Amino acid sequence: MTIAQELDDQKGICQDVIFPPGDLYSDEPALESELHLRQIILLFKCLEWLWRDRNDFYAAGNLTIYSPRQLKSEHFRGPDFFVVLGTERKTRKSWVVWEEYGKYPNVILEILSESIANIDKDLKKKIYQETFRTPDYFWFDPYTQEFAGFHLVDGEYQSLQTSEQGYLWSHQLGLYLGISQGLLRFFTRDGLLVPTPEETAELLEQKAERLAAKLRELNIDPDII
């Protein structure tokens, strides 16, 4: 959707609106806790590692999204974690929709906290449904383990049903989201945990150690292989 189409589609915005410069810094409040930060970093690292050979997406956390539909109120929203597909993979100061060919996030995750949980479940959900039209929306509370997900169907969010493992499917990412050791993680279609780079390195090291041990059992020096 182009910016012109967005403006035509949004009632109450003047057609001669002047867009501010696109090089805008993010303007988000501090995260609620260290656990919120760890959760964002974990999701970011896992997705970046899984899609390390792709250059057609952008993932970020606690970053302001500047929307032309909200210019009049200047009531901008920055999700705790979001992913945009079909875009250039590069660093940004913020996500400025009118500089990104009208693109909004394909996936949004809010990390709940006691002070703003109602906002994430009500006001933000409404914005993501009606303004951003983000196809997949999730929320997760790392303290209570509350976890829910929604998929946009005919302009309205419909609750996602959990899998046998308790995971929720992201149509946009082609991945499950589920809780593992108290934090939200990505899982493949087959239910395999998407590892971090560090976890991948550890698994490879363990595999190498098992191979070396097997070779020693066969009286083969591992160093000659």
# chains A, B, ... in the order shown; residues from 1 in each chain; ligands from 1
call {"tool": "select_by_dssp", "arguments": {"residues": "region 42-120 of chain A", "states": "alpha helix (DSSP H)", "output": "PDB file with N, CA and C atoms, in the first residue's frame"}}
result
ATOM      1  N   LEU A  42      16.516 -12.242  23.177  1.00  0.00           N
ATOM      2  CA  LEU A  42      16.447 -13.665  22.844  1.00  0.00           C
ATOM      3  C   LEU A  42      15.709 -13.881  21.526  1.00  0.00           C
ATOM      4  N   LEU A  43      14.557 -13.261  21.369  1.00  0.00           N
ATOM      5  CA  LEU A  43      13.786 -13.408  20.131  1.00  0.00           C
ATOM      6  C   LEU A  43      14.560 -12.843  18.938  1.00  0.00           C
ATOM      7  N   PHE A  44      15.165 -11.700  19.139  1.00  0.00           N
ATOM      8  CA  PHE A  44      15.912 -11.046  18.068  1.00  0.00           C
ATOM      9  C   PHE A  44      17.082 -11.922  17.610  1.00  0.00           C
ATOM     10  N   LYS A  45      17.866 -12.416  18.564  1.00  0.00           N
ATOM     11  CA  LYS A  45      19.034 -13.229  18.229  1.00  0.00           C
ATOM     12  C   LYS A  45      18.639 -14.510  17.504  1.00  0.00           C
ATOM     13  N   CYS A  46      17.575 -15.156  17.978  1.00  0.00           N
ATOM     14  CA  CYS A  46      17.161 -16.417  17.371  1.00  0.00           C
ATOM     15  C   CYS A  46      16.687 -16.224  15.936  1.00  0.00           C
ATOM     16  N   LEU A  47      15.892 -15.193  15.704  1.00  0.00           N
ATOM     17  CA  LEU A  47      15.375 -14.977  14.356  1.00  0.00           C
ATOM     18  C   LEU A  47      16.489 -14.538  13.410  1.00  0.00           C
ATOM     19  N   GLU A  48      17.351 -13.649  13.880  1.00  0.00           N
ATOM     20  CA  GLU A  48      18.460 -13.203  13.048  1.00  0.00           C
ATOM     21  C   GLU A  48      19.384 -14.372  12.689  1.00  0.00           C
ATOM     22  N   TRP A  49      19.592 -15.280  13.627  1.00  0.00           N
ATOM     23  CA  TRP A  49      20.452 -16.425  13.363  1.00  0.00           C
ATOM     24  C   TRP A  49      19.780 -17.414  12.416  1.00  0.00           C
ATOM     25  N   LEU A  50      18.491 -17.670  12.643  1.00  0.00           N
ATOM     26  CA  LEU A  50      17.755 -18.596  11.781  1.00  0.00           C
ATOM     27  C   LEU A  50      17.704 -18.088  10.353  1.00  0.00           C
ATOM     28  N   ALA A 117      -0.459  -3.815  31.075  1.00  0.00           N
ATOM     29  CA  ALA A 117      -1.081  -4.989  30.453  1.00  0.00           C
ATOM     30  C   ALA A 117      -2.405  -4.635  29.793  1.00  0.00           C
ATOM     31  N   ASN A 118      -3.214  -3.820  30.450  1.00  0.00           N
ATOM     32  CA  ASN A 118      -4.522  -3.461  29.890  1.00  0.00           C
ATOM     33  C   ASN A 118      -4.383  -2.656  28.597  1.00  0.00           C
ATOM     34  N   ILE A 119      -3.340  -1.843  28.508  1.00  0.00           N
ATOM     35  CA  ILE A 119      -3.106  -1.072  27.289  1.00  0.00           C
ATOM     36  C   ILE A 119      -2.751  -2.011  26.137  1.00  0.00           C
ATOM     37  N   ASP A 120      -1.877  -2.983  26.405  1.00  0.00           N
ATOM     38  CA  ASP A 120      -1.472  -3.936  25.372  1.00  0.00           C
ATOM     39  C   ASP A 120      -2.648  -4.780  24.900  1.00  0.00           C
TER      40      ASP A 120
END
call {"tool": "residues_around", "arguments": {"residues": "Leu152 (chain A)", "least_positions_apart": "6", "cutoff": "8 Å", "atoms": "only C-alpha atoms", "output": "list in words"}}
result
Gln129, Arg133, Thr134, Pro135, Asp136 and Gln158 of chain A
call {"tool": "write_last_selection", "arguments": {"atoms": "C-alpha atoms", "output": "PDB file, in the first residue's frame"}}
result
ATOM      1  CA  GLN A 129      -5.813  -4.362  14.204  1.00  0.00           C
ATOM      2  CA  ARG A 133      -3.434  -4.097  10.203  1.00  0.00           C
ATOM      3  CA  THR A 134      -0.686  -6.343  11.455  1.00  0.00           C
ATOM      4  CA  PRO A 135      -1.565  -9.946  10.538  1.00  0.00           C
ATOM      5  CA  ASP A 136      -0.060 -11.655  13.626  1.00  0.00           C
ATOM      6  CA  GLN A 158      -9.175 -14.069  15.811  1.00  0.00           C
TER       7      GLN A 158
END
call {"tool": "closest_atom_pairs", "arguments": {"of": "region 95-197 of chain A", "to": "region 53-63 of chain A", "cutoff": "10 Å", "atoms": "only C-alpha atoms", "output": "JSON lines"}}
result
{"residue": "A:Trp95", "atom": "CA", "partner": "A:Leu63", "partner_atom": "CA", "distance": 7.2}
{"residue": "A:Pro105", "atom": "CA", "partner": "A:Tyr58", "partner_atom": "CA", "distance": 9.0}
{"residue": "A:Asn106", "atom": "CA", "partner": "A:Phe57", "partner_atom": "CA", "distance": 10.0}
{"residue": "A:Val107", "atom": "CA", "partner": "A:Ala59", "partner_atom": "CA", "distance": 9.4}
{"residue": "A:Ile108", "atom": "CA", "partner": "A:Gly61", "partner_atom": "CA", "distance": 9.6}
{"residue": "A:Leu109", "atom": "CA", "partner": "A:Gly61", "partner_atom": "CA", "distance": 9.1}
{"residue": "A:Glu110", "atom": "CA", "partner": "A:Asn62", "partner_atom": "CA", "distance": 9.5}
call {"tool": "atom_distance", "arguments": {"atom1": "CA of Phe82 (chain A)", "atom2": "CA of Leu37 (chain A)"}}
result
14.0 Å
call {"tool": "select_by_dssp", "arguments": {"residues": "region 87-223 of chain A", "states": "strand (DSSP E)", "output": "PyMOL selection string"}}
result
chain A and resi 95-96+107-111+136-140+147-153+156-159+168-170+175-180+183-187
call {"tool": "write_last_selection", "arguments": {"atoms": "C-alpha atoms", "output": "PDB file, in the first residue's frame"}}
result
ATOM      1  CA  TRP A  95      10.464   2.515  11.630  1.00  0.00           C
ATOM      2  CA  VAL A  96       9.079   5.378   9.547  1.00  0.00           C
ATOM      3  CA  VAL A 107       4.244  -9.613  13.340  1.00  0.00           C
ATOM      4  CA  ILE A 108       4.067  -7.797  16.674  1.00  0.00           C
ATOM      5  CA  LEU A 109       4.744  -9.105  20.179  1.00  0.00           C
ATOM      6  CA  GLU A 110       4.063  -7.165  23.349  1.00  0.00           C
ATOM      7  CA  ILE A 111       5.682  -8.248  26.615  1.00  0.00           C
ATOM      8  CA  ASP A 136      -0.060 -11.655  13.626  1.00  0.00           C
ATOM      9  CA  TYR A 137      -0.219 -10.203  17.150  1.00  0.00           C
ATOM     10  CA  PHE A 138       1.022 -11.920  20.305  1.00  0.00           C
ATOM     11  CA  TRP A 139       1.425 -10.977  23.936  1.00  0.00           C
ATOM     12  CA  PHE A 140       3.414 -12.697  26.665  1.00  0.00           C
ATOM     13  CA  PHE A 147       0.556 -16.148  26.447  1.00  0.00           C
ATOM     14  CA  ALA A 148      -1.944 -15.384  23.682  1.00  0.00           C
ATOM     15  CA  GLY A 149      -1.901 -14.869  19.949  1.00  0.00           C
ATOM     16  CA  PHE A 150      -4.179 -13.510  17.246  1.00  0.00           C
ATOM     17  CA  HIS A 151      -4.375 -13.615  13.463  1.00  0.00           C
ATOM     18  CA  LEU A 152      -6.128 -10.965  11.387  1.00  0.00           C
ATOM     19  CA  VAL A 153      -9.142 -12.401   9.542  1.00  0.00           C
ATOM     20  CA  GLU A 156     -10.535  -8.519  12.944  1.00  0.00           C
ATOM     21  CA  TYR A 157      -8.221 -10.451  15.247  1.00  0.00           C
ATOM     22  CA  GLN A 158      -9.175 -14.069  15.811  1.00  0.00           C
ATOM     23  CA  SER A 159      -7.604 -16.007  18.683  1.00  0.00           C
ATOM     24  CA  LEU A 168       0.946 -20.787  18.745  1.00  0.00           C
ATOM     25  CA  TRP A 169       1.542 -20.647  14.991  1.00  0.00           C
ATOM     26  CA  SER A 170       2.678 -17.459  13.298  1.00  0.00           C
ATOM     27  CA  LEU A 175       7.206 -20.585  12.912  1.00  0.00           C
ATOM     28  CA  TYR A 176       5.622 -21.519  16.214  1.00  0.00           C
ATOM     29  CA  LEU A 177       6.013 -19.420  19.342  1.00  0.00           C
ATOM     30  CA  GLY A 178       6.042 -21.242  22.648  1.00  0.00           C
ATOM     31  CA  ILE A 179       7.330 -21.050  26.203  1.00  0.00           C
ATOM     32  CA  SER A 180      10.580 -22.794  27.076  1.00  0.00           C
ATOM     33  CA  LEU A 183      10.770 -17.397  28.139  1.00  0.00           C
ATOM     34  CA  LEU A 184       9.138 -17.214  24.732  1.00  0.00           C
ATOM     35  CA  ARG A 185      11.014 -19.003  21.964  1.00  0.00           C
ATOM     36  CA  PHE A 186      10.604 -19.814  18.286  1.00  0.00           C
ATOM     37  CA  PHE A 187       9.999 -23.384  17.142  1.00  0.00           C
TER      38      PHE A 187
END
call {"tool": "decode", "arguments": {"residues": "region 162-184 of chain A", "atoms": "N, CA and C atoms", "output": "PDB file, in the first residue's frame"}}
result
ATOM      1  N   THR A 162      -3.868 -23.240  20.390  1.00  0.00           N
ATOM      2  CA  THR A 162      -2.577 -23.823  20.713  1.00  0.00           C
ATOM      3  C   THR A 162      -2.421 -25.211  20.101  1.00  0.00           C
ATOM      4  N   SER A 163      -1.193 -25.563  19.810  1.00  0.00           N
ATOM      5  CA  SER A 163      -0.880 -26.902  19.315  1.00  0.00           C
ATOM      6  C   SER A 163      -0.857 -27.870  20.493  1.00  0.00           C
ATOM      7  N   GLU A 164      -0.602 -29.141  20.218  1.00  0.00           N
ATOM      8  CA  GLU A 164      -0.519 -30.138  21.280  1.00  0.00           C
ATOM      9  C   GLU A 164       0.594 -29.804  22.263  1.00  0.00           C
ATOM     10  N   GLN A 165       1.640 -29.141  21.775  1.00  0.00           N
ATOM     11  CA  GLN A 165       2.758 -28.755  22.648  1.00  0.00           C
ATOM     12  C   GLN A 165       2.505 -27.440  23.375  1.00  0.00           C
ATOM     13  N   GLY A 166       1.358 -26.800  23.075  1.00  0.00           N
ATOM     14  CA  GLY A 166       1.063 -25.514  23.707  1.00  0.00           C
ATOM     15  C   GLY A 166       1.627 -24.333  22.954  1.00  0.00           C
ATOM     16  N   TYR A 167       2.028 -24.543  21.701  1.00  0.00           N
ATOM     17  CA  TYR A 167       2.596 -23.472  20.895  1.00  0.00           C
ATOM     18  C   TYR A 167       1.517 -22.767  20.081  1.00  0.00           C
ATOM     19  N   LEU A 168       1.836 -21.554  19.623  1.00  0.00           N
ATOM     20  CA  LEU A 168       0.946 -20.787  18.745  1.00  0.00           C
ATOM     21  C   LEU A 168       1.658 -20.548  17.418  1.00  0.00           C
ATOM     22  N   TRP A 169       0.950 -20.733  16.323  1.00  0.00           N
ATOM     23  CA  TRP A 169       1.542 -20.647  14.991  1.00  0.00           C
ATOM     24  C   TRP A 169       1.492 -19.226  14.459  1.00  0.00           C
ATOM     25  N   SER A 170       2.624 -18.752  13.978  1.00  0.00           N
ATOM     26  CA  SER A 170       2.678 -17.459  13.298  1.00  0.00           C
ATOM     27  C   SER A 170       2.595 -17.710  11.805  1.00  0.00           C
ATOM     28  N   HIS A 171       1.482 -17.304  11.200  1.00  0.00           N
ATOM     29  CA  HIS A 171       1.298 -17.486   9.762  1.00  0.00           C
ATOM     30  C   HIS A 171       2.354 -16.722   8.973  1.00  0.00           C
ATOM     31  N   GLN A 172       2.737 -15.564   9.481  1.00  0.00           N
ATOM     32  CA  GLN A 172       3.672 -14.702   8.766  1.00  0.00           C
ATOM     33  C   GLN A 172       5.106 -15.210   8.829  1.00  0.00           C
ATOM     34  N   LEU A 173       5.520 -15.705   9.977  1.00  0.00           N
ATOM     35  CA  LEU A 173       6.892 -16.166  10.144  1.00  0.00           C
ATOM     36  C   LEU A 173       7.092 -17.606   9.692  1.00  0.00           C
ATOM     37  N   GLY A 174       5.999 -18.367   9.647  1.00  0.00           N
ATOM     38  CA  GLY A 174       6.144 -19.787   9.352  1.00  0.00           C
ATOM     39  C   GLY A 174       6.825 -20.516  10.490  1.00  0.00           C
ATOM     40  N   LEU A 175       6.599 -20.023  11.713  1.00  0.00           N
ATOM     41  CA  LEU A 175       7.206 -20.585  12.912  1.00  0.00           C
ATOM     42  C   LEU A 175       6.179 -20.629  14.036  1.00  0.00           C
ATOM     43  N   TYR A 176       6.412 -21.523  14.984  1.00  0.00           N
ATOM     44  CA  TYR A 176       5.622 -21.519  16.214  1.00  0.00           C
ATOM     45  C   TYR A 176       6.296 -20.599  17.225  1.00  0.00           C
ATOM     46  N   LEU A 177       5.496 -20.063  18.148  1.00  0.00           N
ATOM     47  CA  LEU A 177       6.013 -19.420  19.342  1.00  0.00           C
ATOM     48  C   LEU A 177       5.514 -20.223  20.529  1.00  0.00           C
ATOM     49  N   GLY A 178       6.416 -20.473  21.476  1.00  0.00           N
ATOM     50  CA  GLY A 178       6.042 -21.242  22.648  1.00  0.00           C
ATOM     51  C   GLY A 178       6.978 -20.952  23.803  1.00  0.00           C
ATOM     52  N   ILE A 179       6.558 -21.329  24.993  1.00  0.00           N
ATOM     53  CA  ILE A 179       7.330 -21.050  26.203  1.00  0.00           C
ATOM     54  C   ILE A 179       8.304 -22.187  26.474  1.00  0.00           C
ATOM     55  N   SER A 180       9.545 -21.827  26.725  1.00  0.00           N
ATOM     56  CA  SER A 180      10.580 -22.794  27.076  1.00  0.00           C
ATOM     57  C   SER A 180      11.440 -22.198  28.175  1.00  0.00           C
ATOM     58  N   GLN A 181      11.492 -22.876  29.307  1.00  0.00           N
ATOM     59  CA  GLN A 181      12.266 -22.410  30.461  1.00  0.00           C
ATOM     60  C   GLN A 181      11.888 -20.985  30.846  1.00  0.00           C
ATOM     61  N   GLY A 182      10.596 -20.695  30.789  1.00  0.00           N
ATOM     62  CA  GLY A 182      10.086 -19.420  31.284  1.00  0.00           C
ATOM     63  C   GLY A 182      10.123 -18.262  30.315  1.00  0.00           C
ATOM     64  N   LEU A 183      10.705 -18.469  29.126  1.00  0.00           N
ATOM     65  CA  LEU A 183      10.770 -17.397  28.139  1.00  0.00           C
ATOM     66  C   LEU A 183      10.172 -17.864  26.818  1.00  0.00           C
ATOM     67  N   LEU A 184       9.753 -16.904  26.018  1.00  0.00           N
ATOM     68  CA  LEU A 184       9.138 -17.214  24.732  1.00  0.00           C
ATOM     69  C   LEU A 184      10.223 -17.496  23.706  1.00  0.00           C
TER      70      LEU A 184
END
